[in-house]
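Engineer: File start-v7.txt below, compact mmCIF, C-alpha atoms:
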# COMPACT_ATOMS: atom_id res chain seq x y z
CA MET A 114 -58.29 113.14 -145.08
CA ASN A 115 -54.52 113.20 -144.96
CA LEU A 116 -52.65 113.63 -141.67
CA LEU A 117 -51.23 117.09 -142.47
CA ARG A 118 -54.68 118.50 -143.25
CA ARG A 119 -56.08 116.98 -140.06
CA LEU A 120 -53.25 118.47 -138.00
CA ARG A 121 -54.00 121.90 -139.47
CA GLY A 122 -57.69 121.44 -138.71
CA GLU A 123 -58.70 121.28 -142.37
CA MET A 124 -61.57 119.23 -143.72
CA GLU A 125 -62.06 117.89 -147.23
CA THR A 126 -65.29 116.82 -148.88
CA PRO A 127 -65.97 115.65 -152.44
CA ARG A 128 -66.22 119.25 -153.75
CA LEU A 129 -64.92 121.43 -150.91
CA LEU A 130 -61.96 122.19 -148.73
CA LEU A 131 -62.69 123.77 -145.34
CA ARG A 132 -59.61 125.57 -144.12
CA HIS A 133 -58.63 128.59 -142.10
CA TRP A 134 -58.76 131.96 -143.82
CA SER A 135 -55.68 133.57 -145.36
CA GLU A 136 -54.91 137.08 -146.57
CA ALA A 137 -55.35 135.83 -150.15
CA ASP A 138 -59.06 135.18 -149.42
CA ARG A 139 -59.94 138.80 -148.68
CA GLU A 140 -61.70 139.56 -152.00
CA ASP A 141 -63.79 136.37 -151.84
CA PHE A 142 -64.72 137.04 -148.20
CA LEU A 143 -65.81 140.61 -148.90
CA ALA A 144 -67.93 139.53 -151.88
CA PHE A 145 -70.43 137.72 -149.66
CA THR A 146 -70.10 139.67 -146.40
CA ALA A 147 -71.26 142.85 -148.14
CA ASP A 148 -74.37 141.12 -149.56
CA PRO A 149 -77.48 141.86 -147.46
CA ALA A 150 -79.26 138.74 -148.81
CA VAL A 151 -76.49 136.62 -147.29
CA MET A 152 -75.74 138.43 -144.05
CA LEU A 153 -79.20 139.45 -142.84
CA SER A 154 -80.25 135.80 -142.59
CA SER A 155 -77.52 135.23 -140.01
CA GLY A 156 -78.32 138.43 -138.12
CA VAL A 157 -75.14 140.25 -139.10
CA ARG A 158 -74.95 143.72 -140.57
CA PRO A 159 -73.49 143.54 -144.08
CA ALA A 160 -70.11 145.27 -144.33
CA ARG A 161 -70.75 148.81 -145.62
CA THR A 162 -67.42 150.60 -145.29
CA PRO A 163 -63.78 149.60 -145.79
CA GLU A 164 -63.34 149.72 -142.00
CA GLU A 165 -66.27 147.33 -141.41
CA GLU A 166 -64.94 145.05 -144.14
CA ASP A 167 -61.50 145.01 -142.55
CA THR A 168 -62.90 144.32 -139.07
CA ALA A 169 -65.04 141.42 -140.30
CA PHE A 170 -62.18 139.91 -142.29
CA ARG A 171 -59.68 140.23 -139.43
CA ARG A 172 -62.16 138.55 -137.08
CA ALA A 173 -62.51 135.57 -139.45
CA LEU A 174 -58.77 135.47 -140.10
CA TRP A 175 -57.90 135.13 -136.42
CA ASP A 176 -60.82 132.96 -135.26
CA SER A 177 -59.46 129.42 -134.98
CA GLY A 178 -62.99 127.98 -135.28
CA CYS A 179 -63.81 129.86 -138.50
CA TYR A 180 -63.25 128.16 -141.85
CA ALA A 181 -63.29 129.32 -145.44
CA ILE A 182 -65.51 127.10 -147.59
CA VAL A 183 -63.33 126.69 -150.66
CA CYS A 184 -64.61 125.23 -153.93
CA LYS A 185 -61.93 122.71 -154.98
CA GLU A 186 -62.73 123.23 -158.67
CA THR A 187 -61.89 126.95 -158.59
CA GLY A 188 -59.80 127.36 -155.43
CA ARG A 189 -62.01 130.29 -154.40
CA ALA A 190 -63.71 130.80 -151.03
CA ILE A 191 -67.49 130.75 -151.49
CA GLY A 192 -68.57 131.11 -147.87
CA LYS A 193 -67.67 130.60 -144.24
CA ILE A 194 -68.62 128.15 -141.53
CA LYS A 195 -67.58 128.26 -137.91
CA PHE A 196 -67.65 126.57 -134.56
CA GLN A 197 -68.78 129.02 -131.91
CA LYS A 198 -69.74 129.03 -128.27
CA ASP A 199 -73.05 127.30 -127.56
CA ILE A 200 -74.68 130.00 -125.44
CA ARG A 201 -77.57 127.72 -124.45
CA ARG A 202 -75.32 125.07 -122.85
CA PRO A 203 -72.72 126.93 -120.79
CA ASN A 204 -71.48 123.99 -118.70
CA VAL A 205 -71.61 121.26 -121.35
CA ASN A 206 -68.92 120.16 -123.83
CA SER A 207 -70.90 121.73 -126.65
CA LEU A 208 -70.36 124.04 -129.60
CA SER A 209 -72.73 125.66 -132.06
CA ILE A 210 -72.25 126.17 -135.79
CA GLY A 211 -72.93 129.29 -137.85
CA TYR A 212 -72.49 129.78 -141.58
CA GLU A 213 -72.89 132.03 -144.61
CA LEU A 214 -72.67 131.13 -148.29
CA ALA A 215 -72.32 133.45 -151.28
CA ARG A 216 -75.68 133.79 -153.03
CA ALA A 217 -74.36 132.48 -156.37
CA PHE A 218 -73.82 129.09 -154.70
CA TRP A 219 -77.21 128.68 -153.00
CA GLY A 220 -79.22 125.59 -153.86
CA GLN A 221 -76.27 123.53 -155.15
CA GLY A 222 -75.69 121.35 -152.07
CA TYR A 223 -72.50 123.08 -150.94
CA MET A 224 -73.72 124.03 -147.46
CA PRO A 225 -74.98 120.55 -146.47
CA GLU A 226 -71.64 119.19 -147.68
CA ALA A 227 -69.70 121.69 -145.52
CA LEU A 228 -71.98 121.20 -142.51
CA ARG A 229 -71.61 117.40 -142.60
CA ALA A 230 -67.82 117.83 -142.53
CA MET A 231 -68.14 120.05 -139.45
CA VAL A 232 -70.39 117.51 -137.72
CA GLU A 233 -67.86 114.74 -138.32
CA TYR A 234 -64.95 116.93 -137.19
CA GLY A 235 -66.81 118.11 -134.09
CA PHE A 236 -67.49 114.63 -132.78
CA GLU A 237 -64.48 112.70 -134.08
CA HIS A 238 -61.72 115.29 -133.52
CA LYS A 239 -63.04 117.79 -131.00
CA GLY A 240 -64.73 115.17 -128.81
CA LEU A 241 -67.96 117.13 -128.38
CA ASP A 242 -70.93 115.87 -126.37
CA VAL A 243 -73.41 118.13 -128.20
CA LEU A 244 -73.33 120.03 -131.48
CA ALA A 245 -76.01 122.70 -131.79
CA ILE A 246 -77.30 124.86 -134.62
CA SER A 247 -80.21 127.24 -135.12
CA HIS A 248 -81.86 129.49 -137.67
CA PHE A 249 -84.32 132.35 -137.55
CA ALA A 250 -87.97 131.35 -137.93
CA GLY A 251 -88.93 131.66 -141.60
CA ASN A 252 -85.44 130.88 -142.95
CA ASP A 253 -86.50 127.77 -144.85
CA ARG A 254 -83.23 127.55 -146.77
CA SER A 255 -81.27 127.02 -143.54
CA ARG A 256 -83.97 124.74 -142.12
CA ARG A 257 -83.59 122.40 -145.11
CA VAL A 258 -79.78 122.33 -144.78
CA ILE A 259 -79.98 121.55 -141.06
CA GLU A 260 -82.58 118.82 -141.51
CA LYS A 261 -80.60 117.20 -144.39
CA CYS A 262 -77.61 116.92 -142.07
CA GLY A 263 -79.50 114.98 -139.39
CA PHE A 264 -79.90 117.57 -136.66
CA ARG A 265 -82.79 116.91 -134.29
CA TYR A 266 -85.36 119.66 -133.78
CA GLU A 267 -85.37 120.93 -130.18
CA GLY A 268 -87.89 123.75 -130.30
CA ILE A 269 -88.29 127.48 -130.73
CA LEU A 270 -86.80 130.10 -128.47
CA TYR A 271 -89.25 132.95 -128.93
CA GLN A 272 -87.96 136.50 -129.37
CA ALA A 273 -84.42 135.21 -128.90
CA TYR A 274 -82.37 137.54 -131.07
CA ARG A 275 -82.45 141.27 -131.68
CA ARG A 276 -80.69 142.08 -134.93
CA TYR A 277 -78.60 145.25 -135.29
CA ASP A 278 -81.55 147.01 -136.99
CA GLY A 279 -83.90 146.36 -134.05
CA MET A 280 -85.86 143.49 -135.61
CA VAL A 281 -86.49 140.62 -133.18
CA PHE A 282 -86.48 136.98 -134.35
CA ASP A 283 -87.50 133.63 -132.97
CA ASP A 284 -84.65 131.12 -132.98
CA VAL A 285 -85.40 127.56 -134.16
CA CYS A 286 -82.99 125.22 -132.34
CA TYR A 287 -81.53 121.82 -133.26
CA SER A 288 -78.78 119.54 -132.01
CA ILE A 289 -76.95 116.25 -132.46
CA LEU A 290 -75.88 114.37 -129.34
CA LYS A 291 -72.64 112.37 -129.16
CA GLU A 292 -74.52 109.13 -128.59
CA ASP A 293 -76.71 109.75 -131.64
CA TYR A 294 -73.69 110.48 -133.81
CA PHE A 295 -71.70 107.43 -132.71
CA SER A 296 -74.68 105.07 -132.94
CA ASP A 297 -74.68 105.63 -136.74
CA PRO A 298 -71.84 107.95 -137.84
CA GLU A 299 -72.29 107.20 -141.55
CA ARG A 300 -75.73 108.84 -141.38
CA TYR A 301 -74.06 112.20 -140.70
CA LYS A 302 -71.15 112.00 -143.16
CA ASN A 303 -70.80 113.01 -146.78
CA PRO A 304 -71.32 110.14 -149.25
Taking this structure as input, can you express it in the form of structure tokens?

Structural biologist:
Amino acid sequence: MNLLRRLRGEMETPRLLLRHWSEADREDFLAFTADPAVMLSSGVRPARTPEEEDTAFRRALWDSGCYAIVCKETGRAIGKIKFQKDIRRPNVNSLSIGYELARAFWGQGYMPEALRAMVEYGFEHKGLDVLAISHFAGNDRSRRVIEKCGFRYEGILYQAYRRYDGMVFDDVCYSILKEDYFSDPERYKNP
């Protein structure tokens, strides 16, 4: 990764560029944030009105931990991935990761590629002690992504999340510890 990209907090993988959102990404962002198949899996209400679309886009635009997942071949944003507060470890140097990917790109290995870049960046540039991630019970697509990227299963937090529509979900939790990452960093990186 070149120095300028690293200074801007960008990450590059074989097929992707992870960078902060720009106004030019609005159409791509709205294409997946309005899709219930994408958003319900992460517990977020799909954008339904222009006002909700604008609020969601502005939030991503100004969140310094939120990255557009850009396909290098097309230059278009195909999803988002973000560092966020790890609510289960309030006094630890820890972050959690959340993500969404446009449905047309599911099953093509893009999300493991993006997640591995975030793992590397979290430990090697942010100096984290713990990197956490979770998915709702039954979300096998996310489970496979998380397991492919080397996260260690921690357990299930039962009835941990009430979605906007009142449905309650168990949260399946995983993490990578700093010592695990640095004992074999190549295990967690993109080939």

Engineer: Which protein, DNA or RNA residues are at most 12 Å from (-86.7, 116.4, -129.2) in the file's coordinates when you count all atoms listed in the file, listed as a compact mmCIF listing (two decimals) with C-alpha atoms, in the coordinates of the input?

Structural biologist:
# COMPACT_ATOMS: atom_id res chain seq x y z
CA PHE A 264 -79.90 117.57 -136.66
CA ARG A 265 -82.79 116.91 -134.29
CA TYR A 266 -85.36 119.66 -133.78
CA GLU A 267 -85.37 120.93 -130.18
CA GLY A 268 -87.89 123.75 -130.30
CA ILE A 269 -88.29 127.48 -130.73
CA CYS A 286 -82.99 125.22 -132.34
CA TYR A 287 -81.53 121.82 -133.26
CA SER A 288 -78.78 119.54 -132.01
CA ILE A 289 -76.95 116.25 -132.46
CA LEU A 290 -75.88 114.37 -129.34

Engineer: Which distance in Å separates CA of Met280 (chain A) and CA of Gly251 (chain A), to one decimal?

Structural biologist: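 That distance, rounded to one decimal, is 13.6 Å.
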
Engineer: For the atom pair CA of Asn303 (chain A) and CA of Asn252 (chain A), what is the interatomic distance in Å to one decimal place?

Structural biologist: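 According to the coordinates, CA of Asn303 (chain A) and CA of Asn252 (chain A) are separated by 23.4 Å.
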
Engineer: Counting all atoms listed in the file, which residues of region 181-287 of chain A sit at most 7 Å from some atom of region 140-162 of chain A, and what is each one's closest atom pair with its distance in Å to one decimal, listed by chain and rising residue number, as JSON lines?

Structural biologist:
{"residue": "A:Arg189", "atom": "CA", "partner": "A:Asp141", "partner_atom": "CA", "distance": 6.8}
{"residue": "A:Ala190", "atom": "CA", "partner": "A:Asp141", "partner_atom": "CA", "distance": 5.6}
{"residue": "A:Ile191", "atom": "CA", "partner": "A:Asp141", "partner_atom": "CA", "distance": 6.7}
{"residue": "A:Glu213", "atom": "CA", "partner": "A:Val151", "partner_atom": "CA", "distance": 6.4}
{"residue": "A:Leu214", "atom": "CA", "partner": "A:Val151", "partner_atom": "CA", "distance": 6.8}
{"residue": "A:Ala215", "atom": "CA", "partner": "A:Phe145", "partner_atom": "CA", "distance": 4.9}
{"residue": "A:Arg216", "atom": "CA", "partner": "A:Val151", "partner_atom": "CA", "distance": 6.5}
{"residue": "A:Arg276", "atom": "CA", "partner": "A:Gly156", "partner_atom": "CA", "distance": 5.4}
{"residue": "A:Tyr277", "atom": "CA", "partner": "A:Arg158", "partner_atom": "CA", "distance": 6.6}

Engineer: Using C-alpha atoms, can you write the selected residues to a file as a JSON list (two decimals), in the coordinates of the input?

Structural biologist:
[["chain", "number", "residue", "atom", "x", "y", "z"],
["A", 189, "ARG", "CA", -62.01, 130.29, -154.40],
["A", 190, "ALA", "CA", -63.71, 130.80, -151.03],
["A", 191, "ILE", "CA", -67.49, 130.75, -151.49],
["A", 213, "GLU", "CA", -72.89, 132.03, -144.61],
["A", 214, "LEU", "CA", -72.67, 131.13, -148.29],
["A", 215, "ALA", "CA", -72.32, 133.45, -151.28],
["A", 216, "ARG", "CA", -75.68, 133.79, -153.03],
["A", 276, "ARG", "CA", -80.69, 142.08, -134.93],
["A", 277, "TYR", "CA", -78.60, 145.25, -135.29]]

Engineer: From the options A:Glu299, A:Asp284, A:Glu186, A:Asp293, which residue's atoms come nearest to Leu129 (chain A), counting all atoms listed in the file?

Structural biologist: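 Looking at the shortest contact to Leu129 (chain A), the residue is A:Glu186.
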
Engineer: I'd like to know which of A:Ser177, A:Val183, A:Pro163, A:His248 is closest to Asp138 (chain A), using all atoms listed in the file.

Structural biologist: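 Result for the nearest residue to Asp138 (chain A): A:Val183.
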
Engineer: Just the number, please: distance in Å from CA of Arg257 (chain A) to CA of Phe236 (chain A), one decimal.

Structural biologist: 21.7 Å

Engineer: Would you list the residues near (-63.7, 117.8, -142.9), meaning any protein, DNA or RNA residue with an atom at most 6 Å from that point in file coordinates, counting all atoms listed in the file, as a PDB file with C-alpha atoms, in the frame of the given file?

Structural biologist:
ATOM      1  CA  MET A 124     -61.570 119.230-143.720  1.00  0.00           C
ATOM      2  CA  GLU A 125     -62.060 117.890-147.230  1.00  0.00           C
ATOM      3  CA  ALA A 230     -67.820 117.830-142.530  1.00  0.00           C
ATOM      4  CA  TYR A 234     -64.950 116.930-137.190  1.00  0.00           C
TER       5      TYR A 234
END

Engineer: Would you mind telling me which residue in A:Asn204, A:Ser247, A:Gln272, A:Gln221 lies nearest to Arg128 (chain A) when using all atoms listed in the file?

Structural biologist: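 That would be A:Gln221, the residue with the smallest distance to Arg128 (chain A).
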
Engineer: Env of Tyr274 (chain A): 7 Å cut, atoms = only C-alpha atoms, seq-sep filter 5 positions within chain, self excluded. Answer as number ranges by chain.

Structural biologist: A: 281-283

Engineer: Taking 5 positions as the minimum chain separation for residues in the same chain, which residues sit within 12 Å of Leu208 (chain A) when counting only C-alpha atoms? Answer as a CSV table (one decimal) with C-alpha atoms, keeping the file's coordinate frame.

Structural biologist:
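Here's the written file around29.csv:
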chain,number,residue,atom,x,y,z
A,178,GLY,CA,-63.0,128.0,-135.3
A,195,LYS,CA,-67.6,128.3,-137.9
A,196,PHE,CA,-67.6,126.6,-134.6
A,197,GLN,CA,-68.8,129.0,-131.9
A,198,LYS,CA,-69.7,129.0,-128.3
A,199,ASP,CA,-73.0,127.3,-127.6
A,200,ILE,CA,-74.7,130.0,-125.4
A,201,ARG,CA,-77.6,127.7,-124.4
A,202,ARG,CA,-75.3,125.1,-122.8
A,203,PRO,CA,-72.7,126.9,-120.8
A,231,MET,CA,-68.1,120.0,-139.4
A,232,VAL,CA,-70.4,117.5,-137.7
A,234,TYR,CA,-65.0,116.9,-137.2
A,235,GLY,CA,-66.8,118.1,-134.1
A,236,PHE,CA,-67.5,114.6,-132.8
A,239,LYS,CA,-63.0,117.8,-131.0
A,240,GLY,CA,-64.7,115.2,-128.8
A,241,LEU,CA,-68.0,117.1,-128.4
A,242,ASP,CA,-70.9,115.9,-126.4
A,243,VAL,CA,-73.4,118.1,-128.2
A,244,LEU,CA,-73.3,120.0,-131.5
A,245,ALA,CA,-76.0,122.7,-131.8
A,246,ILE,CA,-77.3,124.9,-134.6
A,247,SER,CA,-80.2,127.2,-135.1
A,287,TYR,CA,-81.5,121.8,-133.3
A,288,SER,CA,-78.8,119.5,-132.0
A,289,ILE,CA,-77.0,116.2,-132.5
A,290,LEU,CA,-75.9,114.4,-129.3
A,291,LYS,CA,-72.6,112.4,-129.2

Engineer: From the set A:Thr168, A:Thr187, A:Ser135, A:Ser255, which residue has the shortest atom-to-atom contact distance to Pro225 (chain A), counting only C-alpha atoms?

Structural biologist: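 Ranked by minimum distance to Pro225 (chain A), first place goes to A:Ser255.
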